[in-house]
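What's in structure05.pdb: PDB, C-alpha atoms
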```pdb
MODEL        1
ATOM      1  CA  MET A   1       0.000   0.000   0.000  1.00  0.00           C
ATOM      2  CA  LYS A   2       2.851   2.370   0.841  1.00  0.00           C
ATOM      3  CA  LYS A   3       4.399   1.732  -2.576  1.00  0.00           C
ATOM      4  CA  LEU A   4       1.101   2.556  -4.273  1.00  0.00           C
ATOM      5  CA  ILE A   5       0.808   5.841  -2.371  1.00  0.00           C
ATOM      6  CA  LEU A   6       4.427   6.715  -3.185  1.00  0.00           C
ATOM      7  CA  ALA A   7       3.934   5.907  -6.878  1.00  0.00           C
ATOM      8  CA  SER A   8       0.703   7.960  -6.991  1.00  0.00           C
ATOM      9  CA  THR A   9       2.407  10.931  -5.324  1.00  0.00           C
ATOM     10  CA  LEU A  10       5.302  10.820  -7.792  1.00  0.00           C
ATOM     11  CA  ALA A  11       2.893  10.596 -10.726  1.00  0.00           C
ATOM     12  CA  LEU A  12       0.908  13.609  -9.492  1.00  0.00           C
ATOM     13  CA  MET A  13       4.084  15.631  -8.950  1.00  0.00           C
ATOM     14  CA  SER A  14       5.344  14.871 -12.446  1.00  0.00           C
ATOM     15  CA  ALA A  15       1.919  15.607 -13.959  1.00  0.00           C
ATOM     16  CA  SER A  16       1.867  19.041 -12.335  1.00  0.00           C
ATOM     17  CA  SER A  17       5.338  19.780 -13.717  1.00  0.00           C
ATOM     18  CA  PHE A  18       4.047  18.978 -17.229  1.00  0.00           C
ATOM     19  CA  ALA A  19       1.044  21.226 -16.626  1.00  0.00           C
ATOM     20  CA  ALA A  20       3.356  24.140 -15.774  1.00  0.00           C
ATOM     21  CA  ASP A  21       4.235  24.389 -19.482  1.00  0.00           C
ATOM     22  CA  ASP A  22       0.855  25.598 -20.704  1.00  0.00           C
ATOM     23  CA  HIS A  23       0.427  24.742 -24.373  1.00  0.00           C
ATOM     24  CA  SER A  24      -3.340  25.244 -24.468  1.00  0.00           C
ATOM     25  CA  GLY A  25      -4.907  27.818 -26.722  1.00  0.00           C
ATOM     26  CA  PHE A  26      -6.957  28.623 -29.795  1.00  0.00           C
ATOM     27  CA  ARG A  27      -5.302  28.953 -33.211  1.00  0.00           C
ATOM     28  CA  VAL A  28      -6.345  30.030 -36.711  1.00  0.00           C
ATOM     29  CA  GLY A  29      -4.517  29.843 -40.009  1.00  0.00           C
ATOM     30  CA  GLY A  30      -4.593  29.248 -43.713  1.00  0.00           C
ATOM     31  CA  GLY A  31      -2.453  27.766 -46.429  1.00  0.00           C
ATOM     32  CA  PHE A  32      -2.101  25.721 -49.564  1.00  0.00           C
ATOM     33  CA  GLY A  33      -1.855  22.094 -50.585  1.00  0.00           C
ATOM     34  CA  THR A  34      -1.108  19.895 -53.544  1.00  0.00           C
ATOM     35  CA  ASP A  35      -1.925  16.347 -54.609  1.00  0.00           C
ATOM     36  CA  ILE A  36       1.093  14.139 -53.865  1.00  0.00           C
ATOM     37  CA  GLY A  37      -0.435  10.788 -54.685  1.00  0.00           C
ATOM     38  CA  LYS A  38      -0.245   9.484 -58.225  1.00  0.00           C
ATOM     39  CA  TYR A  39      -0.959  13.046 -59.436  1.00  0.00           C
ATOM     40  CA  GLN A  40      -4.336  11.722 -60.445  1.00  0.00           C
ATOM     41  CA  LEU A  41      -7.406  11.035 -58.439  1.00  0.00           C
ATOM     42  CA  ARG A  42      -8.984   8.444 -60.716  1.00  0.00           C
ATOM     43  CA  ASP A  43      -9.777   7.560 -64.303  1.00  0.00           C
ATOM     44  CA  ASP A  44     -12.856   9.189 -65.751  1.00  0.00           C
ATOM     45  CA  ALA A  45     -15.435   7.410 -67.921  1.00  0.00           C
ATOM     46  CA  LEU A  46     -13.663   8.444 -71.154  1.00  0.00           C
ATOM     47  CA  GLY A  47     -10.250   7.071 -70.191  1.00  0.00           C
ATOM     48  CA  GLY A  48      -8.747  10.384 -69.067  1.00  0.00           C
ATOM     49  CA  LYS A  49      -7.290  11.175 -65.674  1.00  0.00           C
ATOM     50  CA  ILE A  50      -8.804  13.418 -63.007  1.00  0.00           C
ATOM     51  CA  GLU A  51      -6.353  15.504 -60.983  1.00  0.00           C
ATOM     52  CA  ALA A  52      -7.044  17.297 -57.692  1.00  0.00           C
ATOM     53  CA  ASP A  53      -4.713  20.264 -57.506  1.00  0.00           C
ATOM     54  CA  PRO A  54      -4.206  22.851 -55.976  1.00  0.00           C
ATOM     55  CA  SER A  55      -5.988  23.266 -52.631  1.00  0.00           C
ATOM     56  CA  VAL A  56      -6.643  26.291 -50.442  1.00  0.00           C
ATOM     57  CA  VAL A  57      -7.318  25.601 -46.758  1.00  0.00           C
ATOM     58  CA  LEU A  58      -8.577  27.588 -43.759  1.00  0.00           C
ATOM     59  CA  GLU A  59      -8.231  26.049 -40.313  1.00  0.00           C
ATOM     60  CA  ALA A  60      -9.053  26.629 -36.678  1.00  0.00           C
ATOM     61  CA  GLY A  61      -8.011  24.505 -33.757  1.00  0.00           C
ATOM     62  CA  TYR A  62      -7.798  24.292 -30.013  1.00  0.00           C
ATOM     63  CA  ASP A  63      -4.879  22.747 -28.149  1.00  0.00           C
ATOM     64  CA  PHE A  64      -6.060  21.300 -24.838  1.00  0.00           C
ATOM     65  CA  ASN A  65      -2.474  20.703 -23.698  1.00  0.00           C
ATOM     66  CA  GLY A  66       0.858  19.690 -25.214  1.00  0.00           C
ATOM     67  CA  ILE A  67      -0.598  16.373 -26.416  1.00  0.00           C
ATOM     68  CA  PHE A  68      -4.261  16.602 -27.513  1.00  0.00           C
ATOM     69  CA  ALA A  69      -6.018  19.049 -29.842  1.00  0.00           C
ATOM     70  CA  ILE A  70      -9.079  19.355 -32.058  1.00  0.00           C
ATOM     71  CA  ASN A  71      -9.036  20.851 -35.569  1.00  0.00           C
ATOM     72  CA  VAL A  72     -11.687  22.154 -37.957  1.00  0.00           C
ATOM     73  CA  LYS A  73     -10.580  22.621 -41.575  1.00  0.00           C
ATOM     74  CA  GLY A  74     -12.347  23.854 -44.654  1.00  0.00           C
ATOM     75  CA  SER A  75     -10.749  23.526 -48.062  1.00  0.00           C
ATOM     76  CA  ALA A  76     -11.375  24.095 -51.738  1.00  0.00           C
ATOM     77  CA  THR A  77      -9.635  21.855 -54.278  1.00  0.00           C
ATOM     78  CA  GLY A  78      -9.541  22.429 -58.031  1.00  0.00           C
ATOM     79  CA  LEU A  79     -10.396  19.424 -60.213  1.00  0.00           C
ATOM     80  CA  LYS A  80      -9.127  18.960 -63.794  1.00  0.00           C
ATOM     81  CA  SER A  81      -9.541  16.232 -66.382  1.00  0.00           C
ATOM     82  CA  TYR A  82      -6.598  15.232 -68.605  1.00  0.00           C
ATOM     83  CA  GLU A  83      -6.493  13.110 -71.749  1.00  0.00           C
ATOM     84  CA  ASN A  84      -2.712  12.814 -71.489  1.00  0.00           C
ATOM     85  CA  LYS A  85       0.128  14.500 -69.607  1.00  0.00           C
ATOM     86  CA  LYS A  86       0.801  17.009 -72.413  1.00  0.00           C
ATOM     87  CA  ASP A  87      -2.578  18.743 -72.493  1.00  0.00           C
ATOM     88  CA  LYS A  88      -3.503  21.557 -70.089  1.00  0.00           C
ATOM     89  CA  GLY A  89      -6.611  19.845 -68.805  1.00  0.00           C
ATOM     90  CA  ALA A  90     -10.251  20.831 -68.633  1.00  0.00           C
ATOM     91  CA  GLY A  91     -11.546  22.340 -65.410  1.00  0.00           C
ATOM     92  CA  LEU A  92     -14.174  20.233 -63.677  1.00  0.00           C
ATOM     93  CA  GLY A  93     -14.930  22.740 -60.942  1.00  0.00           C
ATOM     94  CA  THR A  94     -13.988  23.012 -57.306  1.00  0.00           C
ATOM     95  CA  ALA A  95     -14.488  20.451 -54.555  1.00  0.00           C
ATOM     96  CA  TYR A  96     -15.338  21.912 -51.141  1.00  0.00           C
ATOM     97  CA  ASP A  97     -14.980  19.993 -47.898  1.00  0.00           C
ATOM     98  CA  LEU A  98     -15.270  20.539 -44.154  1.00  0.00           C
ATOM     99  CA  ALA A  99     -13.352  18.311 -41.745  1.00  0.00           C
ATOM    100  CA  VAL A 100     -13.273  17.817 -37.982  1.00  0.00           C
ATOM    101  CA  GLU A 101     -10.204  16.043 -36.589  1.00  0.00           C
ATOM    102  CA  ALA A 102      -8.851  14.832 -33.275  1.00  0.00           C
ATOM    103  CA  GLU A 103      -5.101  15.288 -32.969  1.00  0.00           C
ATOM    104  CA  ALA A 104      -2.529  13.620 -30.715  1.00  0.00           C
ATOM    105  CA  GLY A 105       1.193  14.285 -30.529  1.00  0.00           C
ATOM    106  CA  TYR A 106       3.843  15.555 -28.159  1.00  0.00           C
ATOM    107  CA  THR A 107       5.109  19.128 -27.832  1.00  0.00           C
ATOM    108  CA  PHE A 108       8.839  19.684 -27.479  1.00  0.00           C
ATOM    109  CA  VAL A 109      10.041  23.107 -26.310  1.00  0.00           C
ATOM    110  CA  THR A 110      13.318  24.430 -27.737  1.00  0.00           C
ATOM    111  CA  PRO A 111      15.768  26.593 -25.749  1.00  0.00           C
ATOM    112  CA  GLY A 112      14.467  29.642 -27.666  1.00  0.00           C
ATOM    113  CA  ASP A 113      10.898  29.005 -26.372  1.00  0.00           C
ATOM    114  CA  ALA A 114       9.621  27.793 -29.730  1.00  0.00           C
ATOM    115  CA  SER A 115       7.610  24.577 -29.616  1.00  0.00           C
ATOM    116  CA  ILE A 116       7.640  21.703 -32.097  1.00  0.00           C
ATOM    117  CA  LYS A 117       4.814  19.169 -32.135  1.00  0.00           C
ATOM    118  CA  PRO A 118       4.871  16.076 -34.343  1.00  0.00           C
ATOM    119  CA  TYR A 119       1.326  14.705 -34.479  1.00  0.00           C
ATOM    120  CA  ILE A 120      -1.176  12.366 -36.070  1.00  0.00           C
ATOM    121  CA  ALA A 121      -4.806  13.306 -36.697  1.00  0.00           C
ATOM    122  CA  LEU A 122      -7.929  11.296 -37.485  1.00  0.00           C
ATOM    123  CA  GLY A 123     -11.247  12.747 -38.448  1.00  0.00           C
ATOM    124  CA  ALA A 124     -14.339  12.920 -40.603  1.00  0.00           C
ATOM    125  CA  VAL A 125     -14.834  14.890 -43.833  1.00  0.00           C
ATOM    126  CA  GLY A 126     -18.065  16.078 -45.426  1.00  0.00           C
ATOM    127  CA  PHE A 127     -18.224  17.245 -49.060  1.00  0.00           C
ATOM    128  CA  ASP A 128     -20.545  19.706 -50.807  1.00  0.00           C
ATOM    129  CA  LYS A 129     -23.396  18.255 -52.911  1.00  0.00           C
ATOM    130  CA  ASP A 130     -21.703  18.879 -56.282  1.00  0.00           C
ATOM    131  CA  THR A 131     -18.532  17.120 -55.150  1.00  0.00           C
ATOM    132  CA  SER A 132     -20.589  14.266 -53.755  1.00  0.00           C
ATOM    133  CA  ALA A 133     -22.390  13.915 -57.088  1.00  0.00           C
ATOM    134  CA  SER A 134     -19.237  13.922 -59.230  1.00  0.00           C
ATOM    135  CA  MET A 135     -16.514  12.300 -57.097  1.00  0.00           C
ATOM    136  CA  LEU A 136     -18.557  10.007 -54.877  1.00  0.00           C
ATOM    137  CA  ASP A 137     -21.120   8.915 -57.489  1.00  0.00           C
ATOM    138  CA  GLY A 138     -24.066  10.741 -55.971  1.00  0.00           C
ATOM    139  CA  ASP A 139     -23.491   9.679 -52.373  1.00  0.00           C
ATOM    140  CA  LYS A 140     -24.986  12.922 -51.024  1.00  0.00           C
ATOM    141  CA  GLY A 141     -24.390  13.799 -47.403  1.00  0.00           C
ATOM    142  CA  SER A 142     -21.704  11.175 -47.051  1.00  0.00           C
ATOM    143  CA  VAL A 143     -18.998  11.426 -44.425  1.00  0.00           C
ATOM    144  CA  ARG A 144     -15.560  10.054 -45.243  1.00  0.00           C
ATOM    145  CA  ALA A 145     -12.505   9.315 -43.109  1.00  0.00           C
ATOM    146  CA  ARG A 146      -9.283  11.319 -43.134  1.00  0.00           C
ATOM    147  CA  GLY A 147      -5.921  10.569 -41.554  1.00  0.00           C
ATOM    148  CA  ALA A 148      -2.926  12.885 -41.337  1.00  0.00           C
ATOM    149  CA  ALA A 149       0.613  13.079 -40.001  1.00  0.00           C
ATOM    150  CA  GLY A 150       2.422  16.360 -39.575  1.00  0.00           C
ATOM    151  CA  VAL A 151       4.628  18.714 -37.608  1.00  0.00           C
ATOM    152  CA  ARG A 152       3.644  22.122 -36.232  1.00  0.00           C
ATOM    153  CA  MET A 153       6.214  24.669 -35.070  1.00  0.00           C
ATOM    154  CA  THR A 154       4.965  27.548 -32.922  1.00  0.00           C
ATOM    155  CA  LEU A 155       7.281  30.498 -32.345  1.00  0.00           C
ATOM    156  CA  ASP A 156       7.359  32.332 -29.019  1.00  0.00           C
ATOM    157  CA  ASN A 157       5.398  35.234 -30.582  1.00  0.00           C
ATOM    158  CA  GLY A 158       2.447  32.911 -31.424  1.00  0.00           C
ATOM    159  CA  VAL A 159       3.029  32.494 -35.172  1.00  0.00           C
ATOM    160  CA  TYR A 160       2.914  28.852 -36.250  1.00  0.00           C
ATOM    161  CA  PHE A 161       3.908  26.850 -39.325  1.00  0.00           C
ATOM    162  CA  ASP A 162       2.245  23.506 -39.973  1.00  0.00           C
ATOM    163  CA  GLY A 163       3.283  20.909 -42.552  1.00  0.00           C
ATOM    164  CA  ARG A 164       1.278  17.726 -43.007  1.00  0.00           C
ATOM    165  CA  ILE A 165       0.476  14.861 -45.318  1.00  0.00           C
ATOM    166  CA  GLN A 166      -3.169  13.835 -45.295  1.00  0.00           C
ATOM    167  CA  ALA A 167      -5.126  11.060 -46.959  1.00  0.00           C
ATOM    168  CA  THR A 168      -8.886  11.298 -47.517  1.00  0.00           C
ATOM    169  CA  ASP A 169     -11.099   8.362 -48.504  1.00  0.00           C
ATOM    170  CA  VAL A 170     -12.938   9.172 -51.753  1.00  0.00           C
ATOM    171  CA  THR A 171     -14.361   5.717 -52.478  1.00  0.00           C
ATOM    172  CA  ALA A 172     -17.395   5.903 -54.759  1.00  0.00           C
ATOM    173  CA  LYS A 173     -20.744   4.765 -53.368  1.00  0.00           C
ATOM    174  CA  GLY A 174     -21.118   1.001 -53.528  1.00  0.00           C
ATOM    175  CA  ASP A 175     -17.448   0.356 -54.356  1.00  0.00           C
ATOM    176  CA  LYS A 176     -15.033  -1.545 -52.174  1.00  0.00           C
ATOM    177  CA  PHE A 177     -12.214   0.582 -50.699  1.00  0.00           C
ATOM    178  CA  ASN A 178      -8.886   0.280 -52.514  1.00  0.00           C
ATOM    179  CA  GLY A 179      -6.125   2.272 -50.803  1.00  0.00           C
ATOM    180  CA  LYS A 180      -4.125   2.718 -53.988  1.00  0.00           C
ATOM    181  CA  ASP A 181      -6.951   4.241 -56.030  1.00  0.00           C
ATOM    182  CA  ASP A 182      -9.378   5.669 -53.483  1.00  0.00           C
ATOM    183  CA  LEU A 183      -7.203   7.962 -51.362  1.00  0.00           C
ATOM    184  CA  LEU A 184      -6.792  11.644 -52.133  1.00  0.00           C
ATOM    185  CA  THR A 185      -3.298  12.156 -50.703  1.00  0.00           C
ATOM    186  CA  GLN A 186      -2.226  15.759 -50.252  1.00  0.00           C
ATOM    187  CA  GLY A 187       0.667  17.720 -48.822  1.00  0.00           C
ATOM    188  CA  MET A 188      -0.443  20.850 -46.933  1.00  0.00           C
ATOM    189  CA  VAL A 189       1.429  23.847 -45.542  1.00  0.00           C
ATOM    190  CA  THR A 190      -0.386  26.358 -43.341  1.00  0.00           C
ATOM    191  CA  VAL A 191       0.661  29.460 -41.426  1.00  0.00           C
ATOM    192  CA  GLY A 192      -1.333  30.975 -38.600  1.00  0.00           C
ATOM    193  CA  TYR A 193      -1.440  32.465 -35.139  1.00  0.00           C
ATOM    194  CA  LYS A 194      -1.935  30.773 -31.776  1.00  0.00           C
ATOM    195  CA  PHE A 195      -3.596  32.912 -29.117  1.00  0.00           C
TER
ENDMDL
END
```

Could you express the structure from this file as structure tokens?
Amino acid sequence: MKKLILASTLALMSASSFAADDHSGFRVGGGFGTDIGKYQLRDDALGGKIEADPSVVLEAGYDFNGIFAINVKGSATGLKSYENKKDKGAGLGTAYDLAVEAEAGYTFVTPGDASIKPYIALGAVGFDKDTSASMLDGDKGSVRARGAAGVRMTLDNGVYFDGRIQATDVTAKGDKFNGKDDLLTQGMVTVGYKF
């Protein structure tokens, strides 16, 4: 029993020392992304390729501590159809999505009071009705999964830089998931401010 009390006391003391470095706070930012998969999303009905590039993203998030956070992201991605790699492509419109993600990582503080947090995030993505009709074969109101891995660096003045690779499931309605063909894989870079 004495060992249990001693272990509990040590755990509480170490937990309070971690809490002294307050990493909680609200953050907002924006940035850009590009398709880094096969540079094509899928084949269209006429044998051409559909590309998803570039993307513009706005994000907001809240860091509960140096480990857990929640993110809300909205993005717009341009879609083009190509017959071959030499043509300039025909615009197919813009895909809009809204995502909510849970994030877990660990924050390291540098001697200059900047913090670096490698993290993973998992969440759900909803698409607008036009995107659902064209990319997801009419699966309106569908919610898809998204996973991401990234690193966020926050300077001591509150400015942050975030780089991530994310993969979003875009499996058409009724089709079986195939990771090679049904993931929209993007690289994203955002800049923002943490309050």

For this session: Take the PyMOL selection byres ((chain A and resi 54) around 9), apply it to the structure above, and return the hits as an MDAnalysis selection string.
Result: chainID A and resid 32:35 52:53 55:56 76:79

Include C-alpha atoms and write out the residues we just selected as a CSV table (one decimal), keeping the file's coordinate frame.
```csv
chain,number,residue,atom,x,y,z
A,32,PHE,CA,-2.1,25.7,-49.6
A,33,GLY,CA,-1.9,22.1,-50.6
A,34,THR,CA,-1.1,19.9,-53.5
A,35,ASP,CA,-1.9,16.3,-54.6
A,52,ALA,CA,-7.0,17.3,-57.7
A,53,ASP,CA,-4.7,20.3,-57.5
A,55,SER,CA,-6.0,23.3,-52.6
A,56,VAL,CA,-6.6,26.3,-50.4
A,76,ALA,CA,-11.4,24.1,-51.7
A,77,THR,CA,-9.6,21.9,-54.3
A,78,GLY,CA,-9.5,22.4,-58.0
A,79,LEU,CA,-10.4,19.4,-60.2
```

Problem set entry | Spatial neighbours of A:Met153, max dist 6 Å, only C-alpha atoms, sep filter under 6 positions, as JSON, numbers by chain | {"A": [115, 116, 160, 161]}

For this session: Decode the PyMOL selection byres ((chain A and resi 96) around 10) for the given file into explicit residues and return them as a ChimeraX atom specification.
Result: /A:55-57,74-78,93-95,97-98,126-132

For this session: Apply the PyMOL selection byres ((chain A and resi 170) around 6) to the displayed file and report the matching residues as a VMD selection string.
Result: chain A and resid 169 171 182 to 183

Problem set entry | Separation of atom CA of A:Val143 from atom CA of A:Thr190 in Å | 23.9 Å

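Atom CA of A:Asn71 is positioned 23.4 Å from atom CA of A:Asp113.
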
With the input short on atoms, add N, CA and C atoms back to stretch 51-70 of chain A and write it as a PDB file, keeping the file's coordinate frame.
```
ATOM      1  N   GLU A  51      -7.357  15.036 -61.930  1.00  0.00           N
ATOM      2  CA  GLU A  51      -6.353  15.504 -60.983  1.00  0.00           C
ATOM      3  C   GLU A  51      -7.001  16.458 -59.984  1.00  0.00           C
ATOM      4  N   ALA A  52      -6.563  16.398 -58.737  1.00  0.00           N
ATOM      5  CA  ALA A  52      -7.044  17.297 -57.692  1.00  0.00           C
ATOM      6  C   ALA A  52      -5.891  18.189 -57.255  1.00  0.00           C
ATOM      7  N   ASP A  53      -5.848  19.397 -57.809  1.00  0.00           N
ATOM      8  CA  ASP A  53      -4.713  20.264 -57.506  1.00  0.00           C
ATOM      9  C   ASP A  53      -5.010  21.661 -57.997  1.00  0.00           C
ATOM     10  N   PRO A  54      -4.711  22.728 -57.344  1.00  0.00           N
ATOM     11  CA  PRO A  54      -4.206  22.851 -55.976  1.00  0.00           C
ATOM     12  C   PRO A  54      -5.351  22.977 -54.970  1.00  0.00           C
ATOM     13  N   SER A  55      -5.002  23.109 -53.697  1.00  0.00           N
ATOM     14  CA  SER A  55      -5.988  23.266 -52.631  1.00  0.00           C
ATOM     15  C   SER A  55      -5.686  24.525 -51.830  1.00  0.00           C
ATOM     16  N   VAL A  56      -6.747  25.165 -51.368  1.00  0.00           N
ATOM     17  CA  VAL A  56      -6.643  26.291 -50.442  1.00  0.00           C
ATOM     18  C   VAL A  56      -7.363  25.860 -49.175  1.00  0.00           C
ATOM     19  N   VAL A  57      -6.749  26.084 -48.011  1.00  0.00           N
ATOM     20  CA  VAL A  57      -7.318  25.601 -46.758  1.00  0.00           C
ATOM     21  C   VAL A  57      -7.356  26.714 -45.713  1.00  0.00           C
ATOM     22  N   LEU A  58      -8.450  26.745 -44.948  1.00  0.00           N
ATOM     23  CA  LEU A  58      -8.577  27.588 -43.759  1.00  0.00           C
ATOM     24  C   LEU A  58      -8.781  26.651 -42.587  1.00  0.00           C
ATOM     25  N   GLU A  59      -8.138  26.957 -41.450  1.00  0.00           N
ATOM     26  CA  GLU A  59      -8.231  26.049 -40.313  1.00  0.00           C
ATOM     27  C   GLU A  59      -8.362  26.810 -39.008  1.00  0.00           C
ATOM     28  N   ALA A  60      -8.976  26.151 -38.049  1.00  0.00           N
ATOM     29  CA  ALA A  60      -9.053  26.629 -36.678  1.00  0.00           C
ATOM     30  C   ALA A  60      -8.853  25.414 -35.790  1.00  0.00           C
ATOM     31  N   GLY A  61      -8.245  25.624 -34.653  1.00  0.00           N
ATOM     32  CA  GLY A  61      -8.011  24.505 -33.757  1.00  0.00           C
ATOM     33  C   GLY A  61      -7.884  24.963 -32.331  1.00  0.00           C
ATOM     34  N   TYR A  62      -8.005  24.008 -31.431  1.00  0.00           N
ATOM     35  CA  TYR A  62      -7.798  24.292 -30.013  1.00  0.00           C
ATOM     36  C   TYR A  62      -6.893  23.218 -29.438  1.00  0.00           C
ATOM     37  N   ASP A  63      -5.799  23.653 -28.835  1.00  0.00           N
ATOM     38  CA  ASP A  63      -4.879  22.747 -28.149  1.00  0.00           C
ATOM     39  C   ASP A  63      -5.301  22.668 -26.688  1.00  0.00           C
ATOM     40  N   PHE A  64      -5.668  21.482 -26.231  1.00  0.00           N
ATOM     41  CA  PHE A  64      -6.060  21.300 -24.838  1.00  0.00           C
ATOM     42  C   PHE A  64      -4.843  21.303 -23.921  1.00  0.00           C
ATOM     43  N   ASN A  65      -3.740  20.763 -24.426  1.00  0.00           N
ATOM     44  CA  ASN A  65      -2.474  20.703 -23.698  1.00  0.00           C
ATOM     45  C   ASN A  65      -1.386  20.429 -24.728  1.00  0.00           C
ATOM     46  N   GLY A  66      -0.234  19.964 -24.290  1.00  0.00           N
ATOM     47  CA  GLY A  66       0.858  19.690 -25.214  1.00  0.00           C
ATOM     48  C   GLY A  66       0.696  18.397 -25.995  1.00  0.00           C
ATOM     49  N   ILE A  67      -0.403  17.668 -25.762  1.00  0.00           N
ATOM     50  CA  ILE A  67      -0.598  16.373 -26.416  1.00  0.00           C
ATOM     51  C   ILE A  67      -1.838  16.360 -27.315  1.00  0.00           C
ATOM     52  N   PHE A  68      -2.995  16.746 -26.789  1.00  0.00           N
ATOM     53  CA  PHE A  68      -4.261  16.602 -27.513  1.00  0.00           C
ATOM     54  C   PHE A  68      -4.775  17.935 -28.050  1.00  0.00           C
ATOM     55  N   ALA A  69      -5.418  17.866 -29.217  1.00  0.00           N
ATOM     56  CA  ALA A  69      -6.018  19.049 -29.842  1.00  0.00           C
ATOM     57  C   ALA A  69      -7.184  18.613 -30.715  1.00  0.00           C
ATOM     58  N   ILE A  70      -7.993  19.585 -31.109  1.00  0.00           N
ATOM     59  CA  ILE A  70      -9.079  19.355 -32.058  1.00  0.00           C
ATOM     60  C   ILE A  70      -8.929  20.394 -33.171  1.00  0.00           C
TER      61      ILE A  70
END
```
